[in-house]
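Q: Contents are compact mmCIF, C-alpha atoms and all ligand atoms; file name start13.txt:
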```
# COMPACT_ATOMS: atom_id res chain seq x y z
CA MET A 1 -47.49 -4.42 11.25
CA SER A 2 -49.30 -6.19 14.00
CA GLY A 3 -49.99 -5.77 17.68
CA GLY A 4 -46.65 -6.80 19.07
CA ALA A 5 -47.83 -6.13 22.58
CA GLY A 6 -50.15 -9.06 22.81
CA ARG A 7 -47.86 -11.63 21.34
CA GLU A 8 -44.49 -10.62 22.53
CA SER A 9 -43.09 -12.81 25.28
CA PRO A 10 -41.98 -10.92 28.39
CA THR A 11 -38.37 -11.06 27.29
CA ALA A 12 -38.89 -10.61 23.58
CA GLY A 13 -36.62 -8.10 21.96
CA ARG A 14 -34.86 -7.31 25.17
CA GLU A 15 -31.38 -8.36 24.21
CA SER A 16 -29.46 -5.51 22.72
CA LEU A 17 -28.28 -5.43 19.18
CA THR A 18 -24.69 -5.39 20.33
CA ALA A 19 -25.33 -8.48 22.42
CA GLY A 20 -26.67 -10.15 19.30
CA ARG A 21 -23.61 -9.04 17.44
CA ASP A 22 -21.26 -10.51 20.01
CA VAL A 23 -22.99 -13.81 19.76
CA ALA A 24 -22.99 -13.56 16.00
CA GLU A 25 -19.25 -13.74 16.04
CA GLY A 26 -19.58 -17.08 17.75
CA THR A 27 -21.45 -20.08 16.51
CA GLY A 28 -24.16 -18.97 14.16
CA SER A 29 -27.20 -18.00 16.14
CA ASN A 30 -27.70 -16.27 19.44
CA ALA A 31 -29.01 -17.79 22.63
CA SER A 32 -32.65 -17.26 21.66
CA GLY A 33 -32.09 -19.03 18.37
CA ARG A 34 -32.51 -15.86 16.29
CA PRO A 35 -30.47 -15.65 13.14
CA ARG A 36 -27.31 -13.70 13.75
CA PHE A 37 -26.66 -10.21 12.54
CA GLY A 38 -23.51 -9.02 10.88
CA PRO A 39 -22.04 -5.67 11.96
CA GLY A 40 -23.23 -2.73 9.83
CA ARG A 41 -26.00 -4.57 8.03
CA ASP A 42 -28.09 -5.42 11.06
CA VAL A 43 -29.46 -1.95 11.71
CA ALA A 44 -30.30 -1.34 8.06
CA MET A 45 -32.01 -4.72 7.94
CA LEU A 46 -34.01 -4.14 11.12
CA VAL A 47 -35.17 -0.74 9.91
CA ALA A 48 -36.09 -2.14 6.49
CA LYS A 49 -38.13 -4.91 8.10
CA ALA A 50 -39.78 -2.47 10.50
CA ARG A 51 -40.74 -0.35 7.50
CA ASP A 52 -42.31 -3.43 5.96
CA GLY A 53 -44.45 -3.63 9.09
CA ASP A 54 -42.70 -6.54 10.81
CA PRO A 55 -43.78 -6.17 14.47
CA ARG A 56 -40.80 -8.07 15.86
CA SER A 57 -38.41 -5.66 14.18
CA VAL A 58 -40.34 -2.69 15.57
CA ALA A 59 -40.19 -4.30 19.01
CA ARG A 60 -36.45 -4.84 18.76
CA LEU A 61 -35.81 -1.27 17.62
CA ILE A 62 -37.80 0.09 20.56
CA SER A 63 -35.88 -2.19 22.91
CA LEU A 64 -32.64 -0.72 21.56
CA VAL A 65 -34.01 2.74 22.32
CA GLU A 66 -35.14 1.71 25.79
CA ASN A 67 -31.77 0.19 26.63
CA GLY A 68 -29.73 3.07 25.25
CA ASP A 69 -27.97 0.71 22.85
CA PRO A 70 -24.72 1.95 21.30
CA ALA A 71 -26.27 1.30 17.87
CA LEU A 72 -28.83 4.10 18.41
CA PRO A 73 -27.08 6.76 16.31
CA GLU A 74 -27.13 4.32 13.40
CA VAL A 75 -30.81 3.52 14.02
CA ALA A 76 -31.69 7.22 14.15
CA ALA A 77 -29.80 7.89 10.92
CA ALA A 78 -31.61 5.06 9.14
CA LEU A 79 -35.00 6.28 10.39
CA ALA A 80 -34.50 10.00 9.79
CA PRO A 81 -35.72 10.08 6.17
CA HIS A 82 -38.96 8.40 7.21
CA THR A 83 -39.89 10.61 10.13
CA GLY A 84 -41.61 13.96 10.67
CA ARG A 85 -45.02 13.17 9.23
CA ALA A 86 -46.93 11.35 11.95
CA GLU A 87 -49.32 13.14 14.31
CA VAL A 88 -48.23 12.71 17.91
CA VAL A 89 -50.89 12.94 20.59
CA GLY A 90 -49.96 12.82 24.28
CA LEU A 91 -52.35 11.66 27.01
CA THR A 92 -51.52 12.41 30.59
CA GLY A 93 -53.32 12.63 33.92
CA SER A 94 -53.49 11.10 37.37
CA PRO A 95 -53.32 7.33 37.83
CA GLY A 96 -56.61 5.64 37.07
CA VAL A 97 -58.23 8.62 35.40
CA GLY A 98 -58.94 6.57 32.27
CA LYS A 99 -55.99 7.21 29.96
CA SER A 100 -55.73 3.64 28.68
CA THR A 101 -59.48 3.30 28.28
CA THR A 102 -59.55 6.55 26.30
CA THR A 103 -56.53 5.49 24.26
CA ASN A 104 -58.25 2.22 23.43
CA GLU A 105 -61.33 4.09 22.20
CA LEU A 106 -59.26 6.56 20.21
CA VAL A 107 -57.46 3.65 18.55
CA ARG A 108 -60.81 2.14 17.61
CA ALA A 109 -62.04 5.40 16.09
CA LEU A 110 -58.77 6.07 14.26
CA ARG A 111 -58.73 2.54 12.86
CA ALA A 112 -62.28 2.97 11.65
CA ALA A 113 -60.99 6.02 9.76
CA GLY A 114 -58.28 3.85 8.20
CA ARG A 115 -55.34 5.38 10.05
CA ARG A 116 -52.37 3.32 11.22
CA VAL A 117 -51.84 3.83 14.91
CA GLY A 118 -48.94 3.43 17.31
CA VAL A 119 -49.39 3.49 21.07
CA LEU A 120 -46.60 4.08 23.57
CA ALA A 121 -47.56 3.56 27.20
CA VAL A 122 -44.82 5.21 29.18
CA ASP A 123 -44.30 4.79 32.90
CA PRO A 124 -41.66 7.22 34.13
CA SER A 125 -42.08 6.32 37.78
CA SER A 126 -41.30 2.63 37.73
CA PRO A 127 -37.90 1.28 36.76
CA PHE A 128 -39.44 -2.00 35.62
CA THR A 129 -42.48 -2.99 33.64
CA GLY A 130 -45.17 -3.37 36.28
CA GLY A 131 -48.83 -3.78 36.99
CA ALA A 132 -50.01 -0.58 35.34
CA ILE A 133 -48.52 -1.73 32.08
CA LEU A 134 -50.24 -5.10 32.34
CA GLY A 135 -53.47 -3.20 32.94
CA ASP A 136 -52.82 -1.20 29.79
CA ARG A 137 -52.41 -4.36 27.81
CA VAL A 138 -55.62 -5.82 29.08
CA ARG A 139 -57.41 -2.54 28.38
CA MET A 140 -56.11 -2.43 24.82
CA GLN A 141 -56.23 -6.13 24.11
CA GLU A 142 -58.86 -5.89 21.44
CA HIS A 143 -56.33 -4.16 19.19
CA THR A 144 -53.41 -6.51 19.68
CA THR A 145 -54.27 -8.66 16.68
CA ASP A 146 -54.90 -5.70 14.38
CA PRO A 147 -51.99 -5.34 11.93
CA GLY A 148 -52.69 -1.59 11.72
CA VAL A 149 -51.94 -1.04 15.41
CA TYR A 150 -48.68 -1.26 17.28
CA ILE A 151 -48.85 -1.10 21.08
CA ARG A 152 -45.77 -0.90 23.23
CA SER A 153 -45.08 -0.21 26.91
CA MET A 154 -41.88 1.46 28.01
CA SER A 155 -40.31 1.80 31.42
CA SER A 156 -37.15 3.64 32.38
CA ARG A 157 -35.05 0.64 33.43
CA GLY A 158 -32.61 2.97 35.07
CA ARG A 159 -31.51 4.42 31.78
CA LEU A 160 -29.49 7.62 31.90
CA GLY A 161 -31.60 10.56 30.79
CA GLY A 162 -34.73 8.53 31.53
CA LEU A 163 -37.79 8.23 29.40
CA ALA A 164 -37.86 11.90 28.53
CA ALA A 165 -34.80 11.18 26.41
CA ALA A 166 -35.92 7.80 25.10
CA THR A 167 -39.54 8.52 24.20
CA PRO A 168 -38.85 10.76 21.17
CA GLN A 169 -36.66 8.04 19.72
CA ALA A 170 -39.39 5.44 20.21
CA VAL A 171 -41.81 7.80 18.45
CA ARG A 172 -39.36 7.93 15.55
CA VAL A 173 -39.34 4.14 15.36
CA LEU A 174 -43.14 4.06 15.17
CA GLU A 175 -43.14 6.79 12.55
CA GLY A 176 -40.57 4.84 10.60
CA ALA A 177 -42.83 1.80 10.84
CA GLY A 178 -45.58 3.71 9.07
CA CYS A 179 -47.83 4.86 11.92
CA ASP A 180 -49.95 7.87 10.91
CA VAL A 181 -50.92 8.70 14.48
CA ILE A 182 -48.94 7.96 17.62
CA LEU A 183 -50.63 8.09 21.02
CA VAL A 184 -48.29 8.47 23.98
CA GLU A 185 -49.78 7.69 27.39
CA THR A 186 -47.88 8.78 30.49
CA VAL A 187 -48.91 8.09 34.06
CA GLY A 188 -49.33 10.89 36.58
CA VAL A 189 -48.79 14.61 36.45
CA GLY A 190 -45.19 15.19 37.51
CA GLN A 191 -42.27 16.87 35.78
CA ALA A 192 -41.31 13.81 33.73
CA GLU A 193 -44.84 13.62 32.35
CA VAL A 194 -44.78 17.28 31.46
CA GLU A 195 -41.55 16.69 29.55
CA ILE A 196 -42.91 13.67 27.77
CA ALA A 197 -46.17 15.38 26.99
CA SER A 198 -44.29 18.27 25.48
CA LEU A 199 -43.08 16.04 22.70
CA ALA A 200 -46.62 15.76 21.36
CA ASP A 201 -48.26 17.95 18.75
CA THR A 202 -51.40 17.87 20.83
CA THR A 203 -51.53 17.09 24.54
CA LEU A 204 -54.65 15.79 26.26
CA VAL A 205 -54.89 16.17 30.02
CA LEU A 206 -57.44 13.79 31.50
CA LEU A 207 -59.37 14.58 34.64
CA ALA A 208 -62.07 12.70 36.49
CA PRO A 209 -64.67 13.92 38.94
CA GLY A 210 -63.95 13.76 42.62
CA MET A 211 -60.19 13.49 42.37
CA GLY A 212 -59.40 17.12 43.12
CA ASP A 213 -57.77 17.12 39.73
CA GLY A 214 -58.41 20.74 38.93
CA ILE A 215 -56.17 21.85 41.75
CA GLN A 216 -53.68 19.09 41.06
CA ALA A 217 -53.44 20.10 37.44
CA ALA A 218 -52.86 23.73 38.31
CA LYS A 219 -50.16 22.81 40.81
CA ALA A 220 -48.20 20.58 38.50
CA GLY A 221 -48.13 23.11 35.71
CA VAL A 222 -50.23 20.81 33.59
CA LEU A 223 -52.54 23.68 32.70
CA GLU A 224 -49.83 25.10 30.49
CA ILE A 225 -49.28 21.91 28.54
CA ALA A 226 -52.94 20.96 28.00
CA ASP A 227 -54.33 21.60 24.53
CA VAL A 228 -57.43 19.59 25.31
CA PHE A 229 -58.89 18.74 28.69
CA VAL A 230 -60.91 15.57 28.83
CA VAL A 231 -63.24 15.32 31.80
CA ASN A 232 -63.55 11.55 31.78
CA LYS A 233 -65.92 9.38 33.83
CA ALA A 234 -68.70 11.81 32.99
CA ASP A 235 -71.06 8.98 33.93
CA ARG A 236 -70.07 9.64 37.55
CA PRO A 237 -71.47 12.34 39.81
CA GLY A 238 -69.41 15.50 39.99
CA ALA A 239 -68.34 15.58 36.35
CA ASP A 240 -70.15 18.86 35.77
CA ALA A 241 -68.37 20.47 38.71
CA THR A 242 -64.99 19.34 37.38
CA TYR A 243 -65.95 20.69 33.96
CA ARG A 244 -66.88 24.07 35.45
CA ASP A 245 -63.68 24.17 37.55
CA ILE A 246 -61.53 23.77 34.49
CA GLN A 247 -63.53 26.27 32.45
CA GLY A 248 -63.21 28.70 35.34
CA MET A 249 -59.45 28.25 35.51
CA LEU A 250 -59.13 28.72 31.77
CA ALA A 251 -61.15 31.91 31.94
CA LEU A 252 -58.56 33.31 34.36
CA GLY A 253 -55.63 32.40 32.15
CA GLU A 254 -54.18 34.95 29.76
CA ARG A 255 -53.84 34.22 26.08
CA GLN A 256 -52.12 35.97 23.24
CA PRO A 257 -54.37 37.18 20.45
CA GLY A 258 -54.89 34.29 18.05
CA GLY A 259 -53.60 31.90 20.70
CA TRP A 260 -55.13 28.51 21.33
CA ARG A 261 -57.88 28.28 23.88
CA PRO A 262 -57.77 24.77 25.34
CA GLN A 263 -60.87 22.76 24.60
CA VAL A 264 -62.72 21.00 27.38
CA VAL A 265 -64.52 17.81 26.45
CA ARG A 266 -66.68 15.54 28.58
CA ALA A 267 -66.31 11.81 28.02
CA ALA A 268 -67.20 8.45 29.45
CA ALA A 269 -64.52 6.43 27.74
CA ILE A 270 -65.70 3.20 29.29
CA ARG A 271 -68.89 3.51 27.22
CA GLY A 272 -67.17 5.08 24.24
CA ASP A 273 -69.08 8.31 24.90
CA GLY A 274 -67.44 11.56 23.90
CA VAL A 275 -64.65 9.92 21.96
CA ASP A 276 -65.71 11.51 18.68
CA GLU A 277 -65.72 14.88 20.44
CA VAL A 278 -62.20 14.22 21.75
CA LEU A 279 -61.06 13.40 18.23
CA ALA A 280 -62.76 16.51 16.90
CA ALA A 281 -60.96 18.64 19.50
CA ILE A 282 -57.63 17.05 18.51
CA GLU A 283 -58.34 17.82 14.86
CA LYS A 284 -59.35 21.37 15.65
CA HIS A 285 -56.11 21.86 17.53
CA ARG A 286 -54.16 20.37 14.69
CA ASP A 287 -55.81 22.74 12.21
CA TRP A 288 -54.91 25.66 14.46
CA LEU A 289 -51.32 24.40 14.73
CA ALA A 290 -50.99 24.22 10.97
CA ALA A 291 -52.74 27.52 10.22
CA SER A 292 -50.84 29.50 12.86
CA GLY A 293 -47.40 28.12 12.02
CA ASN A 294 -47.19 26.58 15.46
CA LEU A 295 -46.82 23.05 14.17
CA ARG A 296 -43.42 23.84 12.72
CA LEU A 297 -42.46 25.82 15.84
CA ARG A 298 -43.48 23.01 18.18
CA ARG A 299 -41.64 20.44 16.19
CA GLU A 300 -38.51 22.54 16.08
CA ARG A 301 -38.76 23.06 19.82
CA ARG A 302 -39.19 19.33 20.26
CA ALA A 303 -36.18 18.62 18.03
CA ALA A 304 -34.13 21.11 20.04
CA ALA A 305 -35.06 19.35 23.28
CA GLU A 306 -34.22 16.02 21.70
CA VAL A 307 -30.79 17.14 20.51
CA GLU A 308 -30.12 18.76 23.87
CA ALA A 309 -31.08 15.59 25.74
CA ILE A 310 -28.75 13.51 23.59
CA ALA A 311 -25.91 16.02 23.95
CA MET A 312 -26.40 16.23 27.71
CA GLY A 313 -26.39 12.45 27.94
CA THR A 314 -23.12 12.31 26.03
CA LEU A 315 -21.58 15.04 28.16
CA ARG A 316 -22.72 13.42 31.38
CA ALA A 317 -21.19 10.13 30.28
CA ARG A 318 -17.93 11.86 29.42
CA ILE A 319 -17.82 13.74 32.70
CA GLY A 320 -18.58 10.47 34.45
CA SER A 321 -15.64 8.82 32.77
CA LEU A 322 -13.45 11.73 33.85
CA ARG A 323 -14.03 10.67 37.43
CA GLU A 324 -12.21 7.49 36.68
CA GLY A 325 -9.40 9.25 34.81
CA THR A 326 -6.61 11.40 36.19
CA ALA A 327 -7.72 14.83 34.86
CA LEU A 328 -10.30 15.44 37.56
CA ALA A 329 -8.08 14.03 40.30
CA THR A 330 -5.21 16.30 39.29
CA LEU A 331 -7.44 19.37 39.18
CA ALA A 332 -9.06 18.43 42.48
CA SER A 333 -5.72 18.24 44.26
CA LYS A 334 -4.79 21.68 42.87
CA VAL A 335 -8.08 23.16 44.07
CA ALA A 336 -7.69 21.52 47.49
CA ALA A 337 -4.17 22.91 47.76
CA GLY A 338 -5.40 26.40 46.89
CA GLU A 339 -3.34 26.52 43.69
CA ILE A 340 -6.34 27.27 41.46
CA ASP A 341 -9.97 28.18 42.09
CA PRO A 342 -12.78 25.70 41.37
CA TYR A 343 -14.18 27.77 38.47
CA ALA A 344 -10.84 27.75 36.68
CA ALA A 345 -10.61 24.02 37.35
CA ALA A 346 -14.11 23.44 35.92
CA ASP A 347 -13.17 25.43 32.79
CA GLU A 348 -10.05 23.34 32.46
CA LEU A 349 -12.13 20.16 32.83
CA ILE A 350 -14.63 21.23 30.16
CA LYS A 351 -11.82 22.11 27.73
CA GLY A 352 -10.61 18.56 28.07
CA LEU A 353 -13.93 16.92 27.13
N1 LIG B 1 -67.10 4.96 35.48
C1 LIG B 1 -66.13 5.04 34.59
N2 LIG B 1 -65.00 4.34 34.76
C2 LIG B 1 -64.02 4.45 33.86
C3 LIG B 1 -64.14 5.29 32.72
N3 LIG B 1 -63.01 5.21 32.00
C4 LIG B 1 -62.20 4.36 32.65
N4 LIG B 1 -62.81 3.88 33.76
C5 LIG B 1 -62.28 2.89 34.71
O1 LIG B 1 -61.25 3.49 35.47
C6 LIG B 1 -60.23 2.52 35.76
C7 LIG B 1 -58.89 3.03 35.27
O2 LIG B 1 -58.91 3.15 33.86
P1 LIG B 1 -57.59 3.18 33.00
O3 LIG B 1 -57.99 3.44 31.61
O4 LIG B 1 -56.73 2.01 33.27
O5 LIG B 1 -56.89 4.46 33.62
P2 LIG B 1 -55.40 4.97 33.39
O6 LIG B 1 -55.44 6.45 33.52
O7 LIG B 1 -54.84 4.42 32.13
O8 LIG B 1 -54.65 4.33 34.62
P3 LIG B 1 -53.08 4.21 34.85
O9 LIG B 1 -52.43 3.86 33.56
O10 LIG B 1 -52.95 3.14 35.89
O11 LIG B 1 -52.64 5.56 35.37
C8 LIG B 1 -60.67 1.24 35.09
O12 LIG B 1 -61.28 0.43 36.03
C9 LIG B 1 -61.65 1.71 34.04
O13 LIG B 1 -62.60 0.73 33.72
C10 LIG B 1 -65.37 6.02 32.56
O14 LIG B 1 -65.58 6.77 31.60
N5 LIG B 1 -66.31 5.86 33.53
MG MG B 2 -53.04 3.34 31.79
```
The structure in this file should be written as structure tokens.
A:
Amino acid sequence: MSGGAGRESPTAGRESLTAGRDVAEGTGSNASGRPRFGPGRDVAMLVAKARDGDPRSVARLISLVENGDPALPEVAAALAPHTGRAEVVGLTGSPGVGKSTTTNELVRALRAAGRRVGVLAVDPSSPFTGGAILGDRVRMQEHTTDPGVYIRSMSSRGRLGGLAAATPQAVRVLEGAGCDVILVETVGVGQAEVEIASLADTTLVLLAPGMGDGIQAAKAGVLEIADVFVVNKADRPGADATYRDIQGMLALGERQPGGWRPQVVRAAAIRGDGVDEVLAAIEKHRDWLAASGNLRLRRERRAAAEVEAIAMGTLRARIGSLREGTALATLASKVAAGEIDPYAAADELIKGL
């Protein structure tokens, strides 16, 4: 496995598997000159190569996920036996708080410990890969030639269900490719980030002094999802005040007996300071998860959300296609004419799905 992020061309891996397949029925290779795939075998082959650590295959699989390719059920089935073991760590927080810098340092420390690391930088707010992602790449460049690290940016590209639905699948790809630890960075502190963060075993919420983050975090419900708070930019004035704010807020919060008390760690990621402490807090949380039975619970909750997101996506697509069919039109004219009530019509519609 190698750092696909640094080498990948901007369009690499973007064509869908089905597109490749269409071309494969033509002249022998697709437009980009890649060898063609035969139906059925292509997914198995891609997954096998990804498992061997081929970064291009990992990149293509994640592109399939990102684009909502019709081959996804097949991909998920091929990956399933190889998933469920990696540690997933989410990093979230306001723009510019230092998520990528911290991620970069965590990657360095994890690599030094011999772990294989995957990084997903997820931007729920922008439909296209933009500047923030480029920044991420620059920030993490030192790892892009390390075969033990796979870095990938994802944007929503207008996909139905958004990144909240796609991210768990991308995590599965990285797990399948042999990553021991997967770091998921999401920008901002909105609802989408909360959803994405909730797929992690351990969620880090980053704050920085002078950004009014304490209040922001409380507002956005981020307090509930944080397992570890990282007060980054501790080299700047005001870090102690931010630290005290968070501690104060935590003191007010109620916890069940034996529940997890979020850790608060000070760091200056830009200098690599505090990174060992962040890792120690992650490990401590992981130990608590395992000892308390919460690891299994969290993962089951995550799987439930994943299944639900896929089912909702399927239902939404089917309901969407009903609009084009006659069933809805027929029911609508009956409702408009007062022949049946809209609830009965909705029941009728659902029965027909
Ligand atoms: N002073 C100081 N600056 C830092 C520290 N960590 C990161 N920065 C700087 O803060 C800026 C933003 O850092 P990033 O790591 O890109 O932040 P981010 O949260 O990933 O940003 P987005 O992905 O755009 O939301 C950069 O200029 C970093 O060099 C730190 O510990 N101290
Ligand atoms: Mg970033």
Q: Determine the nearest neighbour of Ala329 (chain A) from the options A:Ala113, A:Ala344, A:Met312, A:Leu349, counting all atoms listed in the file.
A: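 Among the listed residues, A:Leu349 lies closest to Ala329 (chain A).
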Q: Take CA of Val278 (chain A) and CA of Gly258 (chain A) and report the distance between them in Å, one decimal.
A: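 Result for CA of Val278 (chain A) versus CA of Gly258 (chain A): 21.7 Å, one decimal.
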Q: So, counting all atoms listed in the file, which residue among A:Val205, A:Asp347, A:Met45, A:Ala304 is closest to Gly93 (chain A)?
A: A:Val205
Q: Which is closer to ligand LIG 1 (chain B) than all the others in A:Gly84, A:Gly53, A:Gly313, A:Gly98, using all atoms listed in the file?
A: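 Answer, going by the shortest atom-to-atom distance: A:Gly98.
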Q: Please, which residues have at least one atom within 6 Å of an atom of ligand LIG 1 (chain B), using all atoms listed in the file, listed as a JSON list (two decimals) with C-alpha atoms, in the coordinates of the input?
A:
```json
[["chain", "number", "residue", "atom", "x", "y", "z"],
["A", 94, "SER", "CA", -53.49, 11.10, 37.37],
["A", 95, "PRO", "CA", -53.32, 7.33, 37.83],
["A", 96, "GLY", "CA", -56.61, 5.64, 37.07],
["A", 97, "VAL", "CA", -58.23, 8.62, 35.40],
["A", 98, "GLY", "CA", -58.94, 6.57, 32.27],
["A", 99, "LYS", "CA", -55.99, 7.21, 29.96],
["A", 100, "SER", "CA", -55.73, 3.64, 28.68],
["A", 101, "THR", "CA", -59.48, 3.30, 28.28],
["A", 132, "ALA", "CA", -50.01, -0.58, 35.34],
["A", 187, "VAL", "CA", -48.91, 8.09, 34.06],
["A", 232, "ASN", "CA", -63.55, 11.55, 31.78],
["A", 233, "LYS", "CA", -65.92, 9.38, 33.83],
["A", 235, "ASP", "CA", -71.06, 8.98, 33.93],
["A", 236, "ARG", "CA", -70.07, 9.64, 37.55],
["A", 268, "ALA", "CA", -67.20, 8.45, 29.45],
["A", 269, "ALA", "CA", -64.52, 6.43, 27.74],
["A", 270, "ILE", "CA", -65.70, 3.20, 29.29]]
```
Q: State, in Å with one decimal place, the distance from CA of Asp42 (chain A) to CA of Ser63 (chain A).
A: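 Those two atoms sit 14.5 Å apart.
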Q: Return the single residue from A:Leu206, A:Thr326, A:Arg172, A:Thr145 that is closest to ligand MG 2 (chain B), with distances computed using only C-alpha atoms and all ligand atoms.
A: A:Leu206
